[in-house]
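Novice: Have a peek at input.csv (CSV, C-alpha atoms).
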```
chain,number,residue,atom,x,y,z
Z,1,MET,CA,36.8,-25.7,-3.8
Z,2,ASP,CA,37.0,-25.4,-7.6
Z,3,ASP,CA,34.9,-28.3,-8.8
Z,4,GLN,CA,32.0,-30.4,-7.6
Z,5,ASN,CA,33.6,-33.5,-9.0
Z,6,THR,CA,36.5,-33.7,-6.5
Z,7,PRO,CA,36.5,-36.1,-3.6
Z,8,GLU,CA,36.8,-33.1,-1.3
Z,9,PHE,CA,33.5,-31.7,-2.5
Z,10,ASP,CA,31.9,-35.1,-2.2
Z,11,ARG,CA,33.0,-35.4,1.4
Z,12,ILE,CA,31.8,-32.0,2.4
Z,13,PHE,CA,28.5,-32.5,0.6
Z,14,SER,CA,27.8,-35.9,2.2
Z,15,GLN,CA,28.9,-34.6,5.6
Z,16,ASN,CA,26.6,-31.6,5.6
Z,17,ALA,CA,23.8,-31.9,3.1
Z,18,GLU,CA,21.3,-33.5,5.5
Z,19,LEU,CA,22.1,-31.1,8.3
Z,20,LEU,CA,21.8,-28.1,6.0
Z,21,LEU,CA,18.4,-29.3,4.6
Z,22,ARG,CA,17.1,-29.9,8.1
Z,23,ILE,CA,18.1,-26.4,9.2
Z,24,ALA,CA,16.7,-24.8,6.1
Z,25,VAL,CA,13.4,-26.6,6.2
Z,26,ARG,CA,13.0,-25.7,9.9
Z,27,ILE,CA,13.5,-22.1,9.1
Z,28,THR,CA,11.4,-21.9,6.0
Z,29,ASN,CA,8.9,-24.7,6.7
Z,30,ASP,CA,9.0,-25.4,3.0
Z,31,TRP,CA,11.0,-28.2,1.3
Z,32,GLU,CA,11.3,-26.7,-2.1
Z,33,SER,CA,12.8,-23.4,-0.9
Z,34,ALA,CA,15.0,-25.4,1.5
Z,35,GLU,CA,16.5,-27.3,-1.4
Z,36,ASP,CA,17.0,-24.1,-3.3
Z,37,VAL,CA,18.8,-22.5,-0.4
Z,38,VAL,CA,21.1,-25.5,0.2
Z,39,GLN,CA,21.9,-25.8,-3.6
Z,40,ASP,CA,22.8,-22.1,-3.6
Z,41,ALA,CA,25.2,-22.6,-0.7
Z,42,PHE,CA,27.0,-25.5,-2.3
Z,43,SER,CA,27.1,-23.6,-5.7
Z,44,LYS,CA,28.6,-20.6,-3.8
Z,45,LEU,CA,31.2,-22.8,-2.3
Z,46,ILE,CA,32.4,-23.8,-5.8
Z,47,GLU,CA,31.9,-20.4,-7.4
Z,48,LYS,CA,33.9,-18.5,-4.8
Z,49,ARG,CA,36.6,-21.3,-4.7
Z,50,MET,CA,36.3,-21.4,-0.9
Z,51,ARG,CA,39.1,-22.9,1.1
Z,52,PHE,CA,38.7,-23.9,4.8
Z,53,PRO,CA,41.3,-24.8,7.4
Z,54,SER,CA,39.1,-27.7,8.5
Z,55,ASP,CA,35.9,-29.6,7.7
Z,56,SER,CA,34.1,-28.1,10.7
Z,57,ASP,CA,35.0,-24.6,9.4
Z,58,ALA,CA,33.4,-25.5,6.1
Z,59,ARG,CA,30.3,-26.8,8.0
Z,60,PHE,CA,30.0,-23.5,10.0
Z,61,TRP,CA,30.3,-21.5,6.8
Z,62,LEU,CA,27.7,-23.6,5.0
Z,63,ILE,CA,25.3,-23.4,7.9
Z,64,ARG,CA,25.7,-19.6,8.0
Z,65,VAL,CA,25.0,-19.2,4.3
Z,66,VAL,CA,22.0,-21.6,4.5
Z,67,LYS,CA,20.7,-19.8,7.6
Z,68,ASN,CA,20.9,-16.4,5.8
Z,69,GLY,CA,19.3,-17.7,2.6
Z,70,ALA,CA,16.5,-19.4,4.5
Z,71,ILE,CA,15.8,-16.3,6.6
Z,72,ASN,CA,15.7,-14.0,3.6
Z,73,TRP,CA,13.3,-16.4,1.9
Z,74,SER,CA,11.1,-16.5,5.0
Z,75,LYS,CA,11.1,-12.7,5.3
Z,76,ARG,CA,10.0,-12.4,1.7
Z,77,LYS,CA,7.2,-15.0,2.3
Z,78,VAL,CA,6.0,-13.2,5.4
Z,79,ARG,CA,5.7,-9.9,3.5
Z,80,GLU,CA,3.9,-11.6,0.7
Z,81,PHE,CA,1.6,-13.4,3.1
Z,82,LYS,CA,0.8,-10.1,4.8
Z,83,ALA,CA,-0.1,-8.5,1.5
Z,84,TYR,CA,-2.5,-11.4,0.7
Z,85,GLU,CA,-3.9,-11.3,4.2
Z,86,HIS,CA,-4.4,-7.5,3.9
Z,87,TRP,CA,-6.3,-8.1,0.6
Z,88,TRP,CA,-8.3,-11.0,2.0
Z,89,ASN,CA,-9.3,-9.1,5.1
Z,90,ALA,CA,-10.6,-6.3,3.0
Z,91,GLU,CA,-12.5,-8.7,0.8
Z,92,THR,CA,-14.1,-10.6,3.7
Z,93,THR,CA,-15.0,-7.4,5.5
Z,94,GLN,CA,-16.7,-6.2,2.3
Z,95,ALA,CA,-18.5,-9.5,1.9
Z,96,ARG,CA,-19.7,-9.5,5.5
Z,97,THR,CA,-21.1,-6.0,5.4
Z,98,SER,CA,-23.0,-6.7,2.1
Z,99,ALA,CA,-24.3,-10.2,3.2
Z,100,THR,CA,-27.5,-10.8,4.9
Z,101,ALA,CA,-27.6,-12.1,8.5
Z,102,ALA,CA,-26.0,-15.6,8.7
Z,103,PRO,CA,-28.2,-18.6,9.9
Z,104,GLY,CA,-27.2,-19.1,13.6
Z,105,GLY,CA,-26.6,-21.9,16.0
Z,106,GLU,CA,-26.8,-24.9,13.7
Z,107,ASP,CA,-23.2,-26.0,13.7
Z,108,GLN,CA,-22.2,-25.0,17.2
Z,109,ASN,CA,-22.6,-28.3,18.9
Z,110,GLN,CA,-21.5,-30.5,16.0
Z,111,ASP,CA,-18.3,-31.7,17.8
Z,112,ALA,CA,-20.0,-32.5,21.1
Z,113,GLY,CA,-20.0,-36.3,20.5
Z,114,THR,CA,-16.2,-36.6,19.7
Z,115,ASP,CA,-14.5,-39.6,21.2
Z,116,GLN,CA,-12.5,-38.6,24.2
Z,117,SER,CA,-9.2,-40.5,23.3
Z,118,ALA,CA,-9.3,-39.0,19.8
Z,119,GLU,CA,-9.8,-35.6,21.5
Z,120,HIS,CA,-6.8,-36.2,23.7
Z,121,GLU,CA,-4.7,-37.1,20.7
Z,122,ILE,CA,-5.8,-34.0,18.9
Z,123,LEU,CA,-4.9,-31.9,22.0
Z,124,MET,CA,-1.4,-33.5,22.2
Z,125,ARG,CA,-0.8,-32.8,18.5
Z,126,GLU,CA,-2.2,-29.3,18.7
Z,127,SER,CA,0.1,-28.6,21.6
Z,128,ALA,CA,3.2,-29.7,19.7
Z,129,GLU,CA,1.9,-27.8,16.7
Z,130,GLU,CA,1.4,-24.8,18.9
Z,131,VAL,CA,5.0,-24.8,20.1
Z,132,ARG,CA,6.1,-25.1,16.5
Z,133,GLU,CA,4.0,-22.2,15.5
Z,134,ALA,CA,5.2,-20.2,18.4
Z,135,LEU,CA,8.8,-21.0,17.3
Z,136,MET,CA,8.0,-19.7,13.8
Z,137,LYS,CA,6.8,-16.4,15.3
Z,138,LEU,CA,10.0,-15.8,17.2
Z,139,PRO,CA,12.4,-13.1,15.9
Z,140,GLU,CA,14.9,-14.7,13.6
Z,141,LYS,CA,17.9,-14.1,16.0
Z,142,LEU,CA,16.2,-16.1,18.7
Z,143,ARG,CA,14.6,-18.7,16.5
Z,144,VAL,CA,17.9,-19.7,14.8
Z,145,VAL,CA,19.6,-20.3,18.1
Z,146,LEU,CA,16.9,-22.5,19.3
Z,147,ILE,CA,16.8,-24.5,16.1
Z,148,LEU,CA,20.5,-25.1,16.2
Z,149,LYS,CA,20.4,-26.0,19.9
Z,150,GLU,CA,17.3,-28.0,20.2
Z,151,TYR,CA,17.1,-29.8,16.8
Z,152,GLU,CA,20.8,-30.0,15.8
Z,153,GLY,CA,22.2,-30.4,19.3
Z,154,MET,CA,24.9,-27.9,18.7
Z,155,ASN,CA,26.6,-26.4,21.7
Z,156,TYR,CA,26.9,-22.6,22.4
Z,157,LYS,CA,30.5,-22.5,21.1
Z,158,GLU,CA,29.4,-24.0,17.7
Z,159,ILE,CA,26.4,-21.8,17.5
Z,160,ALA,CA,28.6,-18.8,18.2
Z,161,LYS,CA,30.9,-19.8,15.4
Z,162,VAL,CA,28.0,-20.2,12.9
Z,163,LEU,CA,26.4,-16.9,13.8
Z,164,GLY,CA,29.6,-15.0,14.3
Z,165,ILE,CA,28.7,-13.8,17.8
Z,166,THR,CA,30.1,-14.5,21.3
Z,167,GLU,CA,29.2,-17.5,23.4
Z,168,GLY,CA,27.8,-15.2,26.0
Z,169,ASN,CA,25.5,-13.7,23.4
Z,170,VAL,CA,24.3,-17.2,22.4
Z,171,LYS,CA,23.5,-17.9,26.1
Z,172,VAL,CA,21.4,-14.8,26.3
Z,173,ARG,CA,19.6,-15.5,23.1
Z,174,ALA,CA,18.9,-19.1,24.1
Z,175,PHE,CA,17.4,-17.9,27.3
Z,176,ARG,CA,15.4,-15.1,25.7
Z,177,ALA,CA,14.1,-17.5,23.0
Z,178,ARG,CA,12.7,-19.8,25.7
Z,179,GLU,CA,11.2,-17.0,27.6
Z,180,ALA,CA,9.6,-15.6,24.5
Z,181,LEU,CA,8.2,-19.1,23.6
Z,182,LEU,CA,6.8,-19.5,27.1
Z,183,ALA,CA,5.2,-16.1,27.0
Z,184,GLN,CA,3.6,-16.9,23.7
Z,185,MET,CA,2.3,-20.2,25.0
Z,186,LYS,CA,0.8,-18.5,28.1
Z,187,ALA,CA,-0.8,-15.9,25.9
Z,188,GLY,CA,-2.3,-18.8,23.8
Z,189,GLY,CA,-3.6,-20.5,27.0
Z,190,SER,CA,-1.1,-23.4,27.0
Z,191,HIS,CA,0.6,-24.8,30.0
Z,192,VAL,CA,4.1,-26.1,29.7
Z,193,SER,CA,5.7,-28.0,32.6
I,1,MET,CA,19.8,-16.6,46.7
I,2,CYS,CA,18.5,-18.0,43.4
I,3,PRO,CA,20.7,-18.1,40.3
I,4,ASP,CA,19.9,-15.8,37.4
I,5,THR,CA,17.3,-17.4,35.0
I,6,THR,CA,19.8,-17.1,32.1
I,7,LEU,CA,22.0,-19.4,34.1
I,8,LEU,CA,19.1,-21.8,34.6
I,9,ALA,CA,18.5,-22.0,30.9
I,10,ALA,CA,22.2,-22.6,30.3
I,11,TYR,CA,22.1,-25.3,32.9
I,12,VAL,CA,19.3,-27.1,31.0
I,13,ASP,CA,21.4,-26.8,27.9
I,14,GLY,CA,24.3,-28.4,29.7
I,15,GLU,CA,26.4,-25.3,29.2
I,16,VAL,CA,27.3,-24.5,32.9
I,17,PRO,CA,30.8,-25.7,33.8
I,18,SER,CA,31.8,-27.4,37.0
I,19,PRO,CA,31.6,-26.6,39.9
I,20,TRP,CA,28.7,-24.2,39.1
I,21,ASP,CA,26.8,-27.0,37.5
I,22,GLU,CA,26.8,-29.0,40.8
I,23,ARG,CA,26.0,-25.9,42.9
I,24,ILE,CA,22.9,-25.2,40.7
I,25,GLU,CA,21.9,-28.8,41.1
I,26,GLU,CA,22.1,-28.5,44.9
I,27,HIS,CA,20.1,-25.3,44.8
I,28,LEU,CA,17.4,-27.0,42.8
I,29,HIS,CA,16.9,-29.5,45.6
I,30,GLU,CA,16.1,-26.7,47.9
I,31,CYS,CA,14.3,-24.2,45.7
I,32,GLU,CA,10.9,-25.1,44.4
I,33,GLN,CA,10.6,-22.0,42.2
I,34,CYS,CA,13.9,-22.7,40.4
I,35,ARG,CA,12.9,-26.3,40.0
I,36,ALA,CA,9.7,-25.3,38.4
I,37,ARG,CA,11.5,-23.0,36.0
I,38,VAL,CA,14.0,-25.7,35.0
I,39,ALA,CA,11.0,-28.1,34.5
I,40,GLN,CA,9.4,-25.5,32.3
I,41,TYR,CA,12.5,-25.2,30.1
I,42,ARG,CA,12.8,-29.0,29.8
I,43,GLY,CA,9.1,-29.4,29.0
I,44,LEU,CA,9.5,-26.8,26.3
I,45,SER,CA,12.5,-28.6,24.8
I,46,ALA,CA,10.6,-31.9,24.8
I,47,ARG,CA,7.6,-30.3,23.2
I,48,LEU,CA,9.8,-28.7,20.5
I,49,ARG,CA,11.3,-32.1,19.6
I,50,GLU,CA,7.9,-33.7,19.7
I,51,GLY,CA,6.6,-31.2,17.2
I,52,ASP,CA,9.5,-31.8,14.9
I,53,ARG,CA,8.5,-34.0,12.0
I,54,ILE,CA,11.2,-34.4,9.4
I,55,ASP,CA,10.6,-37.5,7.3
I,56,ALA,CA,13.9,-39.4,6.8
I,57,VAL,CA,12.8,-40.7,3.4
I,58,ARG,CA,11.9,-37.2,2.2
I,59,LEU,CA,15.2,-35.9,3.6
I,60,GLY,CA,17.1,-38.6,1.6
I,61,ALA,CA,15.2,-37.7,-1.6
I,62,SER,CA,15.9,-34.0,-1.0
I,63,VAL,CA,19.6,-34.6,-0.6
I,64,ALA,CA,19.7,-36.6,-3.9
I,65,ARG,CA,17.9,-33.9,-5.7
I,66,VAL,CA,20.2,-31.2,-4.4
I,67,ARG,CA,23.2,-33.2,-5.4
I,68,ALA,CA,21.9,-33.6,-9.0
I,69,ARG,CA,21.1,-29.9,-9.2
I,70,VAL,CA,24.5,-28.8,-7.9
I,71,ALA,CA,26.0,-31.1,-10.6
I,72,ALA,CA,23.8,-29.4,-13.2
I,73,GLY,CA,25.3,-26.0,-12.3
I,74,PRO,CA,24.2,-22.9,-10.3
I,75,ARG,CA,20.5,-22.2,-10.1
I,76,ARG,CA,19.2,-19.4,-12.2
I,77,VAL,CA,18.1,-16.7,-9.8
I,78,ALA,CA,16.1,-13.7,-10.7
I,79,LEU,CA,18.0,-10.4,-10.4
I,80,LEU,CA,15.6,-9.2,-7.8
I,81,ASP,CA,16.3,-12.3,-5.6
I,82,ARG,CA,20.1,-11.8,-6.0
I,83,ILE,CA,20.0,-8.4,-4.3
I,84,PRO,CA,18.2,-8.6,-1.0
I,85,ALA,CA,17.4,-4.9,-0.9
I,86,LEU,CA,15.7,-5.0,-4.3
I,87,ALA,CA,13.9,-8.2,-3.4
I,88,ALA,CA,12.6,-6.5,-0.4
I,89,LEU,CA,11.3,-3.6,-2.5
I,90,GLY,CA,9.7,-6.0,-4.9
I,91,SER,CA,7.2,-7.4,-2.5
I,92,ARG,CA,7.0,-4.6,0.1
I,93,ARG,CA,3.8,-2.6,0.3
I,94,VAL,CA,4.6,1.1,0.1
I,95,SER,CA,1.9,3.5,1.2
I,96,VAL,CA,2.2,7.1,0.2
I,97,PRO,CA,-0.3,9.7,1.4
I,98,LEU,CA,-2.5,10.9,-1.5
I,99,PRO,CA,-1.5,14.6,-1.3
I,100,LEU,CA,2.2,13.7,-1.3
I,101,LEU,CA,1.6,11.5,-4.3
I,102,ALA,CA,-0.3,14.2,-6.1
I,103,ALA,CA,2.4,16.8,-5.4
I,104,SER,CA,5.1,14.4,-6.6
I,105,LEU,CA,3.2,13.8,-9.8
I,106,LEU,CA,2.8,17.5,-10.4
I,107,LEU,CA,6.4,18.2,-9.8
I,108,PHE,CA,7.3,15.3,-12.1
I,109,VAL,CA,5.1,16.6,-14.9
I,110,PHE,CA,6.5,20.2,-14.4
I,111,PHE,CA,10.1,19.1,-14.6
I,112,ALA,CA,9.5,16.6,-17.4
I,113,GLY,CA,7.7,19.4,-19.3
I,114,LEU,CA,10.5,21.8,-18.6
I,115,GLY,CA,13.0,19.2,-19.9
I,116,LEU,CA,11.0,18.7,-23.1
I,117,GLY,CA,10.6,22.5,-23.5
I,118,LEU,CA,6.8,22.4,-23.4
I,119,PHE,CA,6.4,25.7,-21.6
I,120,GLY,CA,8.4,27.7,-24.1
I,121,PHE,CA,11.2,28.6,-21.8
I,122,ARG,CA,14.0,27.9,-24.3
I,123,ALA,CA,17.4,29.3,-24.0
I,124,HIS,CA,17.3,30.9,-27.4
I,125,GLY,CA,13.8,32.2,-27.5
I,126,GLY,CA,11.4,31.3,-30.2
I,127,SER,CA,9.3,33.6,-32.3
I,128,ALA,CA,6.6,34.1,-29.7
I,129,LEU,CA,9.0,35.3,-27.1
I,130,ALA,CA,10.8,37.5,-29.7
I,131,LEU,CA,7.6,39.1,-30.8
I,132,SER,CA,6.4,40.0,-27.3
I,133,THR,CA,9.7,41.2,-25.8
I,134,LYS,CA,11.9,42.4,-28.6
I,135,LEU,CA,9.6,44.1,-31.1
I,136,PRO,CA,8.4,47.1,-29.0
I,137,VAL,CA,12.0,48.2,-28.2
I,138,SER,CA,13.2,47.8,-31.7
I,139,GLY,CA,13.3,51.1,-33.6
I,140,ASN,CA,13.0,49.4,-37.0
I,141,SER,CA,10.1,47.2,-36.1
I,142,ASN,CA,7.0,47.4,-38.2
I,143,ILE,CA,4.6,46.7,-35.5
I,144,GLU,CA,2.4,49.7,-36.6
I,145,SER,CA,2.1,48.2,-40.0
I,146,LEU,CA,1.1,44.8,-38.6
I,147,VAL,CA,-1.5,46.4,-36.3
I,148,SER,CA,-3.0,48.5,-39.2
I,149,THR,CA,-3.1,45.4,-41.4
I,150,LEU,CA,-4.9,43.4,-38.7
I,151,SER,CA,-7.4,46.2,-38.2
I,152,GLN,CA,-8.4,45.9,-41.9
I,153,THR,CA,-9.1,42.1,-41.6
I,154,ASP,CA,-12.5,40.7,-40.7
I,155,PRO,CA,-12.7,41.2,-36.9
I,156,SER,CA,-14.9,38.1,-36.6
I,157,GLN,CA,-12.1,35.9,-37.8
I,158,PHE,CA,-9.4,34.4,-35.6
I,159,VAL,CA,-6.0,34.7,-37.1
I,160,THR,CA,-2.5,33.3,-36.4
I,161,ILE,CA,0.4,35.6,-36.7
I,162,GLN,CA,3.7,33.9,-37.5
I,163,ALA,CA,6.6,36.1,-36.7
I,164,PRO,CA,9.7,35.9,-38.9
I,165,VAL,CA,12.1,33.2,-37.7
I,166,ASN,CA,15.2,35.3,-38.3
I,167,MET,CA,13.8,38.6,-37.1
I,168,LEU,CA,16.5,39.3,-34.7
I,169,ARG,CA,19.4,38.5,-37.0
I,170,PRO,CA,18.0,38.7,-40.6
I,171,ALA,CA,19.9,37.1,-43.4
I,172,ALA,CA,21.7,39.5,-45.7
I,173,ASN,CA,19.5,39.3,-48.8
I,174,THR,CA,16.1,38.4,-47.4
I,175,THR,CA,13.3,40.5,-46.0
I,176,PRO,CA,11.8,39.0,-42.9
I,177,VAL,CA,8.0,39.1,-43.0
I,178,TYR,CA,5.1,38.5,-40.7
I,179,VAL,CA,2.6,35.9,-42.1
I,180,ILE,CA,-1.0,36.1,-41.0
I,181,TYR,CA,-2.9,32.8,-41.1
I,182,ASN,CA,-6.6,32.4,-41.1
I,183,ALA,CA,-7.1,30.2,-38.0
I,184,ALA,CA,-10.0,28.3,-39.6
I,185,ASP,CA,-8.3,26.8,-42.6
I,186,GLN,CA,-4.7,27.5,-41.7
I,187,LYS,CA,-4.1,29.2,-45.1
I,188,PRO,CA,-2.1,32.4,-45.3
I,189,THR,CA,-4.6,35.2,-46.0
I,190,ILE,CA,-2.3,38.2,-45.8
I,191,THR,CA,1.4,37.7,-46.3
I,192,ALA,CA,4.5,39.7,-46.6
I,193,ILE,CA,4.3,42.4,-44.1
I,194,PRO,CA,8.0,43.4,-43.9
I,195,ALA,CA,9.3,43.3,-40.4
I,196,GLN,CA,12.1,45.8,-41.0
I,197,GLY,CA,9.9,48.8,-42.0
I,198,GLU,CA,10.0,48.5,-45.9
I,199,ALA,CA,6.2,48.1,-46.1
I,200,LYS,CA,5.5,51.7,-46.8
```
What would the structure in this file look like if it were written as structure tokens?
Specialist:
Amino acid sequence: MDDQNTPEFDRIFSQNAELLLRIAVRITNDWESAEDVVQDAFSKLIEKRMRFPSDSDARFWLIRVVKNGAINWSKRKVREFKAYEHWWNAETTQARTSATAAPGGEDQNQDAGTDQSAEHEILMRESAEEVREALMKLPEKLRVVLILKEYEGMNYKEIAKVLGITEGNVKVRAFRAREALLAQMKAGGSHVS
Amino acid sequence: MCPDTTLLAAYVDGEVPSPWDERIEEHLHECEQCRARVAQYRGLSARLREGDRIDAVRLGASVARVRARVAAGPRRVALLDRIPALAALGSRRVSVPLPLLAASLLLFVFFAGLGLGLFGFRAHGGSALALSTKLPVSGNSNIESLVSTLSQTDPSQFVTIQAPVNMLRPAANTTPVYVIYNAADQKPTITAIPAQGEAK
């Protein structure tokens, strides 16, 4: 692919851009970085003058590049977050030890009168949110398999091509990812049935 | 006998080929434990999709933005971000034990000083080294003259003795001399004590 003005590039772009953005945003949980990562993948396609035997090969290549870019971004963010968290914990510990005793009991029963249906809705939302958070905590190898399987409906063979692993390996990862999610949900007190 | 749980997960994903697919289905009718497991996996999938909120309008806008940006050319990426290993270093917290850090600093200062010649260990020694090591073994040295001159100066004064630069290999027509400086005002107070024994 030499130029982004060719019909070939247009076709590959329109066939894959949405899919790639969805995958990137599900990995990074951040639209801006997802756009950066997808832009980089298409730029790389042109820069490296990539040639593919078929459109699906181009798609697998693009997914792989986007997946790697998104995971690298996420790793960097996690490290930064940990650094901030470390600093914040130190700050708050310092503040707590130097502060006088906090006034107690005033706010404890504030939510007692919440409407039951609203509460149910919140619980449902929290539950879905909880699964999403548990997914974000999974090791990248397991998380990516589940994202491609559950959200993009890719089969084991396609996932294997994207990740460059065997189908058997995909099967094991898909299983382990689910088990890890269930374990996290149980640890968090949720019940999935 | 129950099938492996990996197989049950693959069954939920529709990845078990016939006839094993049908056999698992038959087994599920009989086995409550496996049925519960499959229900758990299906519930998890449903919950995952439920929690998925990708706005179609936002996605469309994003696609258009990316297309425009690809047309504008490659994104400028910082050097650190281009090389993953460097990027990792950039934001990674590195903790070094204090004693190790102190030892490293000392070593660095020592070697840097050595490199800059701060400790006087030069290959072709300077005056100070020549004075202390070469003079006593040299038969022509005028160290007695220097000592007697120093003994006549005011003992309360600090003095600086500058040895001749070319003491080891004096130029043909010059007489190398020691110069004694008064340390207080850095002016030569006593000069021209010949280094080669012509003083007397």
Novice: Looking at Z:Glu140, Z:Glu8, Z:Glu179, Z:Asp55, which one is nearest to chain I, with distances taken over all atoms listed in the file?
Specialist: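 So, comparing all the options, the nearest one is Z:Glu179.
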Novice: If you measure from CA of Glu15 in chain I to CA of Pro53 in chain Z, what distance in Å do you get, rounded to one decimal?
Specialist: 26.4 Å
Novice: Write out, as a Markdown table, each residue of chain Z that has an atom at most 7 Å from chain I, together with the closest pair of atoms and their distance in Å to one decimal, counting all atoms listed in the file, rows going by chain and rising number.
Specialist:
```
| residue | atom | partner | partner_atom | distance |
| --- | --- | --- | --- | --- |
| Z:Gln4 | CA | I:Ala71 | CA | 6.7 |
| Z:Ala17 | CA | I:Val63 | CA | 6.2 |
| Z:Glu18 | CA | I:Val63 | CA | 6.4 |
| Z:Glu35 | CA | I:Val66 | CA | 6.2 |
| Z:Gln39 | CA | I:Val66 | CA | 5.7 |
| Z:Asp40 | CA | I:Pro74 | CA | 6.9 |
| Z:Phe42 | CA | I:Val70 | CA | 7.0 |
| Z:Ser43 | CA | I:Pro74 | CA | 5.5 |
| Z:Arg76 | CA | I:Ala88 | CA | 6.8 |
| Z:Arg79 | CA | I:Arg92 | CA | 6.4 |
| Z:Glu80 | CA | I:Ser91 | CA | 6.2 |
| Z:Ala128 | CA | I:Gly51 | CA | 4.5 |
| Z:Glu129 | CA | I:Gly51 | CA | 5.8 |
| Z:Val131 | CA | I:Leu48 | CA | 6.2 |
| Z:Arg132 | CA | I:Gly51 | CA | 6.2 |
| Z:Glu150 | CA | I:Ser45 | CA | 6.7 |
| Z:Tyr151 | CA | I:Arg49 | CA | 6.8 |
| Z:Lys171 | CA | I:Ala10 | CA | 6.4 |
| Z:Val172 | CA | I:Thr6 | CA | 6.4 |
| Z:Phe175 | CA | I:Thr6 | CA | 5.4 |
| Z:Arg178 | CA | I:Tyr41 | CA | 7.0 |
| Z:Val192 | CA | I:Gln40 | CA | 5.9 |
| Z:Ser193 | CA | I:Gln40 | CA | 4.5 |
```
Novice: Using Å and a single decimal, report how far CA of Glu32 in chain Z sits from CA of Trp73 in chain Z.
Specialist: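 Going from CA of Trp73 in chain Z over to CA of Glu32 in chain Z, I get 11.2 Å.
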Novice: Can you pull out every residue within 9 Å of Ile159 in chain Z, counting all atoms listed in the file, but drop anything in the same chain fewer than 5 positions away, and send it as a count of residues only?
Specialist: 9
Novice: So which one's closest to Leu142 in chain Z, Z:Asn29, Z:Asn16, Z:Ser127, Z:Asn169? Using all atoms listed in the file, please.
Specialist: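 Of Z:Asn29, Z:Asn16, Z:Ser127, Z:Asn169, the one nearest Leu142 in chain Z, counting all atoms listed in the file, is Z:Asn169.
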Novice: Using all atoms listed in the file, which residues sit within 10 Å of Thr166 in chain Z once same-chain residues fewer than 6 positions away are excluded, as a ChimeraX atom specification?
Specialist: /Z:156-157,159-160
Novice: Between CA of Ala34 in chain Z and CA of Arg51 in chain Z, what distance in Å does the model show, to one decimal?
Specialist: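 According to the coordinates, CA of Ala34 in chain Z and CA of Arg51 in chain Z are separated by 24.2 Å.
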